[in-house]
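Engineer: For reference, the file data30.cif (mmCIF, C-alpha atoms) is included below:
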data_upload
loop_
_atom_site.label_atom_id
_atom_site.label_comp_id
_atom_site.auth_asym_id
_atom_site.auth_seq_id
_atom_site.Cartn_x
_atom_site.Cartn_y
_atom_site.Cartn_z
CA MET G 1 0.00 0.00 0.00
CA LYS G 2 2.86 2.40 0.76
CA ARG G 3 4.24 1.88 -2.76
CA ARG G 4 0.94 2.78 -4.36
CA ALA G 5 0.41 6.00 -2.42
CA PRO G 6 3.03 8.03 -4.37
CA GLN G 7 1.74 6.60 -7.65
CA LEU G 8 -1.79 7.52 -6.69
CA VAL G 9 -0.74 11.07 -5.81
CA ILE G 10 1.07 11.46 -9.15
CA LEU G 11 -1.91 10.08 -11.03
CA LEU G 12 -4.30 12.46 -9.25
CA CYS G 13 -2.02 15.44 -10.00
CA LEU G 14 -1.86 14.52 -13.70
CA TRP G 15 -5.62 14.07 -13.85
CA ALA G 16 -6.16 17.45 -12.18
CA GLN G 17 -3.91 19.15 -14.75
CA VAL G 18 -5.75 17.56 -17.66
CA TYR G 19 -9.13 18.43 -16.15
CA ALA G 20 -8.13 22.03 -15.45
CA ALA G 21 -6.70 22.48 -18.96
CA SER G 22 -9.87 21.44 -20.78
CA HIS G 23 -12.04 24.23 -22.11
CA THR G 24 -15.57 24.28 -23.41
CA LEU G 25 -16.93 27.20 -25.41
CA VAL G 26 -20.67 27.74 -25.08
CA LEU G 27 -23.28 29.99 -26.64
CA VAL G 28 -25.11 32.01 -23.99
CA VAL G 29 -28.04 34.37 -23.58
CA ARG G 30 -29.65 36.16 -20.68
CA ALA G 31 -31.58 33.73 -18.46
CA ASP G 32 -34.94 35.26 -19.40
CA SER G 33 -34.21 35.42 -23.14
CA LYS G 34 -36.76 34.05 -25.62
CA VAL G 35 -33.94 32.21 -27.39
CA THR G 36 -34.13 28.49 -26.63
CA ALA G 37 -31.94 26.98 -29.35
CA LEU G 38 -29.86 28.06 -32.33
CA ASP G 39 -28.40 25.65 -34.86
CA SER G 40 -24.88 26.06 -36.27
CA LEU G 41 -26.04 27.74 -39.47
CA THR G 42 -28.13 30.29 -37.57
CA VAL G 43 -25.22 31.05 -35.21
CA ARG G 44 -22.96 31.55 -38.23
CA LYS G 45 -25.48 33.89 -39.87
CA LEU G 46 -25.88 35.82 -36.62
CA PHE G 47 -22.14 36.46 -36.21
CA LEU G 48 -21.78 37.33 -39.90
CA GLY G 49 -24.20 40.20 -39.28
CA LEU G 50 -27.22 38.74 -41.06
CA PRO G 51 -30.55 39.50 -39.39
CA VAL G 52 -31.74 36.60 -37.20
CA LEU G 53 -35.20 36.94 -35.69
CA ILE G 54 -36.77 35.09 -32.75
CA ASP G 55 -40.50 35.77 -32.39
CA GLY G 56 -40.07 38.83 -34.62
CA THR G 57 -37.29 40.29 -32.47
CA PRO G 58 -33.80 40.65 -33.99
CA LEU G 59 -30.96 39.05 -32.06
CA HIS G 60 -27.86 41.08 -31.22
CA PRO G 61 -24.55 39.19 -31.52
CA LEU G 62 -21.77 40.11 -29.10
CA ARG G 63 -18.34 38.96 -30.25
CA ASN G 64 -16.28 38.03 -27.22
CA ARG G 65 -12.73 39.39 -27.68
CA SER G 66 -11.77 39.14 -23.99
CA ASP G 67 -9.45 36.15 -24.50
CA SER G 68 -6.98 35.73 -27.37
CA GLN G 69 -7.72 31.97 -27.42
CA LEU G 70 -11.28 32.73 -28.53
CA ASP G 71 -10.41 34.31 -31.89
CA PRO G 72 -9.15 31.18 -33.68
CA ILE G 73 -12.03 29.13 -32.27
CA PHE G 74 -14.54 31.79 -33.34
CA LEU G 75 -13.09 31.93 -36.85
CA GLN G 76 -12.80 28.15 -37.30
CA GLN G 77 -15.81 26.79 -35.44
CA ILE G 78 -18.43 29.54 -35.59
CA VAL G 79 -18.00 31.42 -38.88
CA ALA G 80 -15.67 28.95 -40.67
CA MET G 81 -13.53 31.70 -42.22
CA SER G 82 -10.13 33.27 -42.00
CA GLN G 83 -9.90 36.67 -40.30
CA SER G 84 -9.50 38.47 -43.63
CA ALA G 85 -12.47 36.63 -45.20
CA TYR G 86 -14.59 37.39 -42.13
CA ASP G 87 -13.67 41.09 -42.19
CA ARG G 88 -14.44 41.24 -45.92
CA GLN G 89 -17.81 39.50 -45.45
CA ILE G 90 -18.77 41.85 -42.61
CA LEU G 91 -17.79 44.88 -44.70
CA ILE G 92 -19.82 43.66 -47.69
CA GLY G 93 -22.85 43.02 -45.48
CA VAL G 94 -22.63 46.44 -43.85
CA ASN G 95 -22.05 48.36 -47.10
CA ARG G 96 -24.30 46.49 -49.54
CA GLN G 97 -27.05 45.07 -47.38
CA GLY G 98 -27.16 47.47 -44.44
CA TRP G 99 -26.55 44.69 -41.93
CA LEU G 100 -25.15 45.59 -38.54
CA ARG G 101 -21.62 44.64 -37.60
CA PRO G 102 -21.57 42.42 -34.49
CA VAL G 103 -20.54 44.37 -31.39
CA GLU G 104 -17.05 43.40 -30.23
CA VAL G 105 -16.41 43.40 -26.49
CA ASN G 106 -12.85 43.21 -25.12
CA SER G 107 -13.60 42.74 -21.43
CA GLY G 108 -15.26 39.76 -19.78
CA SER G 109 -17.00 41.93 -17.19
CA ARG G 110 -18.25 44.36 -19.85
CA LEU G 111 -19.49 41.42 -21.93
CA ILE G 112 -21.54 40.11 -18.99
CA GLU G 113 -22.92 43.61 -18.29
CA THR G 114 -23.91 44.02 -21.94
CA LEU G 115 -25.54 40.59 -21.96
CA TYR G 116 -27.50 41.40 -18.77
CA ALA G 117 -28.73 44.67 -20.29
CA ASP G 118 -30.03 43.20 -23.57
CA PRO G 119 -32.58 40.34 -23.63
CA SER G 120 -31.85 39.86 -27.36
CA ALA G 121 -28.07 39.58 -26.96
CA VAL G 122 -26.25 36.35 -27.81
CA THR G 123 -22.58 35.70 -27.14
CA PHE G 124 -20.07 32.92 -26.56
CA MET G 125 -17.99 32.35 -23.46
CA TRP G 126 -15.98 29.71 -21.67
CA LEU G 127 -18.30 27.40 -19.75
CA GLN G 128 -16.21 27.84 -16.59
CA ASP G 129 -16.99 31.59 -16.67
CA VAL G 130 -20.77 31.13 -16.69
CA ALA G 131 -21.38 27.68 -15.22
CA HIS G 132 -22.81 28.93 -11.91
CA ASN G 133 -24.30 32.21 -13.07
CA PRO G 134 -28.11 32.19 -12.62
CA LYS G 135 -28.52 35.28 -14.83
CA VAL G 136 -27.08 33.50 -17.89
CA ARG G 137 -28.41 30.48 -19.79
CA VAL G 138 -26.29 28.19 -21.95
CA ILE G 139 -27.94 27.52 -25.31
CA ARG G 140 -25.43 25.06 -26.72
CA GLU G 141 -21.86 23.88 -26.69
CA LEU G 142 -19.86 25.30 -29.59
CA TRP G 143 -16.44 23.74 -29.07
CA SER G 144 -14.54 21.62 -26.58
CA ASP G 145 -10.91 20.51 -26.43
#
Represent the structure of the file as structure tokens.

Structural biologist:
Amino acid sequence: MKRRAPQLVILLCLWAQVYAASHTLVLVVRADSKVTALDSLTVRKLFLGLPVLIDGTPLHPLRNRSDSQLDPIFLQQIVAMSQSAYDRQILIGVNRQGWLRPVEVNSGSRLIETLYADPSAVTFMWLQDVAHNPKVRVIRELWSD
């Protein structure tokens, strides 16, 4: 038993590191939002600036720029574009179609405040940042490592 104790401690430490390193990106809305589900195509349209309506109310996308790890995930998993292609698509939508550019928020606390203030807002965040927040509801998982 004494020989297994150090091995058990090492195993638990390794498991804790792996568990702590895993991230899950989720799509979130205010807890009282009318949004109940959004499929991948609708999420993509929303963050490309296309109008997305729920019960006749337009949704307001908030692009989370508070963590540099989010940008590549956003570009690959949500809009499926490079940064330059995304910027070009947004510019075309704004100039030709009159669509609104998604609001970009650089602070996690400001993102939460903006989400609380707007029942039509939709954003993405790390699950660990909103897991125990009763004012926020997770709509779906977008990505996990």

Engineer: Please measure the separation of atom CA of G:Ser33 and atom CA of G:Ala117, giving the value in Å to one decimal.

Structural biologist: 11.1 Å

Engineer: Set the distance at 9 Å and use all atoms listed in the file: which residues neighbour G:Leu46 once local chain neighbours fewer than 5 positions away are removed? I'd like the list as a PyMOL selection string.

Structural biologist: chain G and resi 41+51-52+59-61+102+122

Engineer: Using only C-alpha atoms and a cutoff of 9 Å, can you tell me which residues are near (-26.8, 39.1, -20.0) in the file's coordinates, and write them out as a PyMOL selection string?

Structural biologist: chain G and resi 28-31+33+111-123+135-137

Engineer: Grab the atom CA of G:Ser84 to atom CA of G:Leu48 distance for me, in Å with one decimal place.

Structural biologist: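 Interatomic distance, atom CA of G:Ser84 to atom CA of G:Leu48: 12.9 Å.
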
Engineer: Could you tell me which of G:Thr24, G:Gln89, G:Gln69, G:Gln77 comes closest to G:Gly49 if we count only C-alpha atoms?

Structural biologist: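 Looking only at the distances to G:Gly49, the closest residue turns out to be G:Gln89.
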
Engineer: Could you check how far atom CA of G:Asn106 sits from atom CA of G:Asp67, in Å to one decimal?

Structural biologist: 7.9 Å

Engineer: Please evaluate the PyMOL selection byres ((chain G and resi 129) around 12) against the displayed coordinates and give the resulting residues as number ranges by chain.

Structural biologist: G: 23-28, 66-67, 108-109, 111-112, 124-128, 130-134, 136-138

Engineer: Counting all atoms listed in the file, which residue out of G:Leu70, G:Leu50, G:Ala80, G:Ile139 sits closest to G:Val35?

Structural biologist: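 Looking at the shortest contact to G:Val35, the residue is G:Ile139.
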